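> target26.txt is the file, holding compact mmCIF, C-alpha atoms:
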```txt
# COMPACT_ATOMS: atom_id res chain seq x y z
CA MET A 1 99.14 77.78 239.61
CA GLY A 2 100.34 75.69 242.53
CA PHE A 3 103.04 76.09 245.11
CA ARG A 4 106.72 76.02 244.20
CA PHE A 5 107.49 73.01 246.43
CA GLU A 6 104.93 70.84 244.63
CA LYS A 7 107.23 70.80 241.61
CA LEU A 8 110.19 69.47 243.59
CA ASP A 9 110.96 65.79 243.11
CA ILE A 10 112.31 65.58 246.67
CA TRP A 11 109.00 66.84 248.07
CA ASN A 12 107.04 64.29 246.01
CA ASP A 13 109.44 61.54 247.12
CA ALA A 14 108.93 62.59 250.74
CA ILE A 15 105.14 62.46 250.30
CA ASN A 16 105.41 58.93 248.88
CA TYR A 17 107.63 57.95 251.82
CA VAL A 18 105.25 59.28 254.47
CA ASN A 19 102.35 57.50 252.78
CA LYS A 20 104.25 54.22 253.14
CA ILE A 21 104.88 54.98 256.82
CA TYR A 22 101.18 55.68 257.39
CA SER A 23 100.24 52.40 255.71
CA LEU A 24 102.85 50.52 257.71
CA THR A 25 101.67 51.89 261.06
CA LYS A 26 97.94 51.24 260.51
CA ASN A 27 98.24 47.88 262.24
CA PHE A 28 100.44 48.91 265.16
CA PRO A 29 99.08 47.88 268.56
CA ARG A 30 96.38 50.12 270.00
CA ASP A 31 98.56 51.05 272.96
CA GLU A 32 101.04 52.64 270.50
CA LEU A 33 98.45 55.13 269.25
CA PHE A 34 100.16 58.00 271.09
CA GLY A 35 103.57 56.38 271.25
CA LEU A 36 105.74 54.96 268.51
CA LYS A 37 102.96 55.04 265.89
CA ASP A 38 102.48 58.77 266.41
CA GLN A 39 106.23 59.46 266.57
CA LEU A 40 106.87 57.59 263.32
CA ARG A 41 104.10 59.43 261.53
CA ARG A 42 105.17 62.82 262.86
CA SER A 43 108.84 62.40 261.99
CA ALA A 44 108.01 61.09 258.50
CA SER A 45 105.51 63.87 257.78
CA SER A 46 108.07 66.42 258.98
CA ILE A 47 110.30 65.50 256.02
CA SER A 48 107.97 66.90 253.36
CA ALA A 49 106.71 69.69 255.64
CA ASN A 50 110.22 71.12 256.08
CA ILE A 51 110.90 70.95 252.35
CA ALA A 52 107.65 72.82 251.71
CA GLU A 53 108.28 75.38 254.44
CA GLY A 54 111.84 75.96 253.29
CA SER A 55 110.78 76.52 249.70
CA GLY A 56 108.93 79.62 250.86
CA SER A 57 112.10 81.12 252.26
CA SER A 58 113.48 84.29 250.78
CA SER A 59 117.10 83.11 251.06
CA LYS A 60 118.97 80.04 249.87
CA ARG A 61 120.62 79.80 253.29
CA ASP A 62 117.25 79.58 255.03
CA PHE A 63 115.97 77.00 252.53
CA SER A 64 119.17 75.00 253.03
CA ASN A 65 118.56 75.01 256.78
CA TYR A 66 115.07 73.58 256.28
CA LEU A 67 116.53 70.89 254.04
CA ASN A 68 118.93 69.99 256.87
CA ILE A 69 115.99 69.70 259.26
CA SER A 70 114.25 67.49 256.71
CA ILE A 71 117.28 65.17 256.65
CA LYS A 72 117.29 65.05 260.45
CA SER A 73 113.63 64.01 260.33
CA ILE A 74 114.63 61.12 258.07
CA TYR A 75 117.23 60.03 260.63
CA GLU A 76 114.60 60.19 263.36
CA THR A 77 112.21 58.11 261.26
CA VAL A 78 114.89 55.47 260.64
CA SER A 79 115.55 55.25 264.38
CA HIS A 80 111.83 54.74 265.03
CA LEU A 81 111.77 52.01 262.39
CA HIS A 82 114.52 50.17 264.27
CA ILE A 83 112.44 50.34 267.44
CA ALA A 84 109.34 49.16 265.60
CA ARG A 85 111.31 46.20 264.29
CA SER A 86 112.75 45.34 267.71
CA GLN A 87 109.20 45.32 269.10
CA ASN A 88 108.10 43.02 266.27
CA TYR A 89 105.62 45.59 264.95
CA ILE A 90 107.12 45.35 261.46
CA PRO A 91 108.96 42.59 259.58
CA GLU A 92 112.66 42.98 258.83
CA ASN A 93 112.09 43.16 255.07
CA LYS A 94 109.79 46.22 255.52
CA ARG A 95 112.32 47.92 257.82
CA THR A 96 115.08 47.27 255.28
CA GLU A 97 112.95 48.54 252.39
CA LEU A 98 112.10 51.79 254.20
CA TYR A 99 115.68 52.14 255.44
CA ASN A 100 116.98 51.92 251.88
CA GLU A 101 114.39 54.41 250.65
CA ALA A 102 115.43 56.77 253.45
CA GLU A 103 119.06 56.56 252.35
CA VAL A 104 118.09 57.47 248.80
CA LEU A 105 115.92 60.34 250.00
CA VAL A 106 118.78 61.74 252.12
CA LYS A 107 121.11 61.61 249.12
CA ARG A 108 118.57 63.33 246.88
CA ILE A 109 117.95 66.10 249.40
CA GLN A 110 121.71 66.57 249.91
CA SER A 111 122.19 66.77 246.15
CA PHE A 112 119.42 69.33 245.83
CA ARG A 113 120.91 71.35 248.70
CA LYS A 114 124.31 71.39 246.94
CA TRP A 115 122.66 72.52 243.73
CA LEU A 116 120.75 75.22 245.61
CA ASN A 117 123.88 76.49 247.34
CA ALA A 118 125.76 76.70 244.04
CA ASN A 119 123.98 80.01 243.35
CA HIS A 120 120.86 78.56 241.76
CA LYS A 121 117.39 79.84 242.53
CA PRO A 122 115.08 77.40 244.33
```
What is this file in structure tokens?


Amino acid sequence: MGFRFEKLDIWNDAINYVNKIYSLTKNFPRDELFGLKDQLRRSASSISANIAEGSGSSSKRDFSNYLNISIKSIYETVSHLHIARSQNYIPENKRTELYNEAEVLVKRIQSFRKWLNANHKP
């Protein structure tokens, strides 16, 4: 059986992205446990959570709104990555890699949203 969102490539991509964020933040300083580490993990996990929640919507408009929130969570995550880099918690090459993946994920979600709004069923 399974849930509808589990079949979406964008949801699977978001899960892969959050897993990379979790791995990256494992070695953050202990004093960041409830600070930047937590914020990064929460914003990154919100990406897939909003896709999943939106897929259960009864209207395309509602689902589209959740996709917009998912994109905003990506922006938040990217901002946190900049802070993590400026604090020397992550190397520049990791920030760049995750930044580039975030850009691709935004484009894929936007493309899916356009497809959804063109009178297709989710």

> With only C-alpha atoms as the atoms that count, which of A:Phe112, A:Phe28, A:Tyr99, A:Tyr75 lies nearest to Gln87 (chain A)?

A:Phe28

> How far is it from CA of Asp31 (chain A) to CA of Leu81 (chain A), in Å with one decimal?

16.9 Å

> In Å to one decimal, how far is CA of Lys7 (chain A) from CA of Asn117 (chain A)?

18.5 Å

> With distances taken over only C-alpha atoms, which residue among A:Leu40, A:Leu8, A:Ala52, A:Val106 lies nearest His82 (chain A)?

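Distance minimum relative to His82 (chain A) lands on A:Leu40.
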
> To one decimal place, how far is CA of Thr77 (chain A) from CA of Gly56 (chain A) in Å?

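Between these atoms lies a distance of 24.1 Å.
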
> Of the candidates A:Ile69, A:Ile90, A:Ile51, A:Leu24, which one gets nearest to Asp38 (chain A) if we count only C-alpha atoms?

A:Leu24

> Choose the residue, out of A:Ser55, A:Asn88, A:Ser70, A:Gln39, that has the smallest atom-to-atom separation from Ala102 (chain A); count all atoms listed in the file.

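Residue with the minimum atom-to-atom distance to Ala102 (chain A): A:Ser70.
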
> Report, as JSON, the centre and edge lengths in Å (one decimal) of the axis-aligned box enclosing every listed atom of region 50-65 of chain A, padded by 8 Å on each side.


```
{"center_x": 114.1, "center_y": 77.6, "center_z": 253.2, "size_x": 29.0, "size_y": 29.3, "size_z": 23.1}
```

> So that I can see what lies close to Ala49 (chain A), please list as an NGL selection string the residues with an atom at most 12 Å from it, counting all atoms listed in the file and leaving out residues fewer than 5 positions away in the same chain.

:A and (5-6 or 10-12 or 14-15 or 18 or 42-44 or 54-56 or 66-67 or 69-71 or 73-74)

> Please save C-alpha atoms of the selected residues as a PDB file, keeping the file's coordinate frame.


```
ATOM      1  CA  PHE A   5     107.490  73.010 246.430  1.00  0.00           C
ATOM      2  CA  GLU A   6     104.930  70.840 244.630  1.00  0.00           C
ATOM      3  CA  ILE A  10     112.310  65.580 246.670  1.00  0.00           C
ATOM      4  CA  TRP A  11     109.000  66.840 248.070  1.00  0.00           C
ATOM      5  CA  ASN A  12     107.040  64.290 246.010  1.00  0.00           C
ATOM      6  CA  ALA A  14     108.930  62.590 250.740  1.00  0.00           C
ATOM      7  CA  ILE A  15     105.140  62.460 250.300  1.00  0.00           C
ATOM      8  CA  VAL A  18     105.250  59.280 254.470  1.00  0.00           C
ATOM      9  CA  ARG A  42     105.170  62.820 262.860  1.00  0.00           C
ATOM     10  CA  SER A  43     108.840  62.400 261.990  1.00  0.00           C
ATOM     11  CA  ALA A  44     108.010  61.090 258.500  1.00  0.00           C
ATOM     12  CA  GLY A  54     111.840  75.960 253.290  1.00  0.00           C
ATOM     13  CA  SER A  55     110.780  76.520 249.700  1.00  0.00           C
ATOM     14  CA  GLY A  56     108.930  79.620 250.860  1.00  0.00           C
ATOM     15  CA  TYR A  66     115.070  73.580 256.280  1.00  0.00           C
ATOM     16  CA  LEU A  67     116.530  70.890 254.040  1.00  0.00           C
ATOM     17  CA  ILE A  69     115.990  69.700 259.260  1.00  0.00           C
ATOM     18  CA  SER A  70     114.250  67.490 256.710  1.00  0.00           C
ATOM     19  CA  ILE A  71     117.280  65.170 256.650  1.00  0.00           C
ATOM     20  CA  SER A  73     113.630  64.010 260.330  1.00  0.00           C
ATOM     21  CA  ILE A  74     114.630  61.120 258.070  1.00  0.00           C
TER      22      ILE A  74
END
```

> Taking only C-alpha atoms into account, which of A:His80, A:Arg95, A:Arg108, A:Ile47 comes nearest Gly35 (chain A)?

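Nearest to Gly35 (chain A): A:His80.
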
> Which residue is closest to Trp115 (chain A)? Choose from A:Phe3, A:Tyr22, A:Phe63, A:Phe34 and count all atoms listed in the file.

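For Trp115 (chain A), the nearest of the candidates is A:Phe63.
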
> Just add all heavy atoms to region 42-53 of chain A and send it as a compact mmCIF listing (two decimals), in the frame of the given file.


```txt
# COMPACT_ATOMS: atom_id res chain seq x y z
N ARG A 42 104.78 61.41 262.74
CA ARG A 42 105.17 62.82 262.86
C ARG A 42 106.54 63.08 262.25
O ARG A 42 106.75 64.06 261.55
CB ARG A 42 105.12 63.25 264.32
CG ARG A 42 103.70 63.35 264.85
CD ARG A 42 103.66 63.49 266.38
NE ARG A 42 104.20 64.75 266.84
CZ ARG A 42 103.51 65.86 267.01
NH1 ARG A 42 102.21 65.85 266.73
NH2 ARG A 42 104.06 66.96 267.46
N SER A 43 107.50 62.19 262.54
CA SER A 43 108.84 62.40 261.99
C SER A 43 108.83 62.25 260.46
O SER A 43 109.48 63.02 259.76
CB SER A 43 109.87 61.47 262.63
OG SER A 43 109.60 60.11 262.35
N ALA A 44 108.07 61.29 259.95
CA ALA A 44 108.01 61.09 258.50
C ALA A 44 107.29 62.25 257.81
O ALA A 44 107.71 62.70 256.74
CB ALA A 44 107.32 59.77 258.17
N SER A 45 106.23 62.76 258.41
CA SER A 45 105.51 63.87 257.78
C SER A 45 106.32 65.17 257.87
O SER A 45 106.15 66.07 257.04
CB SER A 45 104.12 64.06 258.40
OG SER A 45 104.21 64.39 259.76
N SER A 46 107.21 65.24 258.83
CA SER A 46 108.07 66.42 258.98
C SER A 46 109.05 66.56 257.80
O SER A 46 109.49 67.67 257.50
CB SER A 46 108.84 66.33 260.30
OG SER A 46 109.67 67.43 260.48
N ILE A 47 109.36 65.46 257.15
CA ILE A 47 110.30 65.50 256.02
C ILE A 47 109.75 66.41 254.92
O ILE A 47 110.39 67.39 254.53
CB ILE A 47 110.57 64.08 255.47
CG1 ILE A 47 111.15 63.18 256.56
CG2 ILE A 47 111.51 64.14 254.26
CD1 ILE A 47 111.10 61.68 256.23
N SER A 48 108.57 66.10 254.44
CA SER A 48 107.97 66.90 253.36
C SER A 48 107.58 68.29 253.86
O SER A 48 107.68 69.27 253.11
CB SER A 48 106.77 66.19 252.75
OG SER A 48 105.78 65.96 253.74
N ALA A 49 107.13 68.39 255.11
CA ALA A 49 106.71 69.69 255.64
C ALA A 49 107.88 70.68 255.67
O ALA A 49 107.70 71.86 255.34
CB ALA A 49 106.13 69.52 257.05
N ASN A 50 109.06 70.22 256.04
CA ASN A 50 110.22 71.12 256.08
C ASN A 50 110.69 71.50 254.69
O ASN A 50 111.15 72.64 254.47
CB ASN A 50 111.34 70.51 256.91
CG ASN A 50 111.11 70.74 258.37
OD1 ASN A 50 111.16 71.87 258.84
ND2 ASN A 50 110.83 69.67 259.10
N ILE A 51 110.57 70.59 253.74
CA ILE A 51 110.90 70.95 252.35
C ILE A 51 109.95 72.03 251.87
O ILE A 51 110.37 73.03 251.28
CB ILE A 51 110.86 69.70 251.43
CG1 ILE A 51 111.96 68.71 251.82
CG2 ILE A 51 110.98 70.12 249.96
CD1 ILE A 51 111.81 67.33 251.19
N ALA A 52 108.66 71.84 252.13
CA ALA A 52 107.65 72.82 251.71
C ALA A 52 107.89 74.16 252.40
O ALA A 52 107.89 75.21 251.73
CB ALA A 52 106.25 72.29 252.03
N GLU A 53 108.08 74.14 253.71
CA GLU A 53 108.28 75.38 254.44
C GLU A 53 109.54 76.11 253.97
O GLU A 53 109.54 77.33 253.77
CB GLU A 53 108.37 75.10 255.94
CG GLU A 53 108.35 76.35 256.78
CD GLU A 53 108.23 76.07 258.27
OE1 GLU A 53 108.04 74.90 258.67
OE2 GLU A 53 108.34 77.05 259.04
```
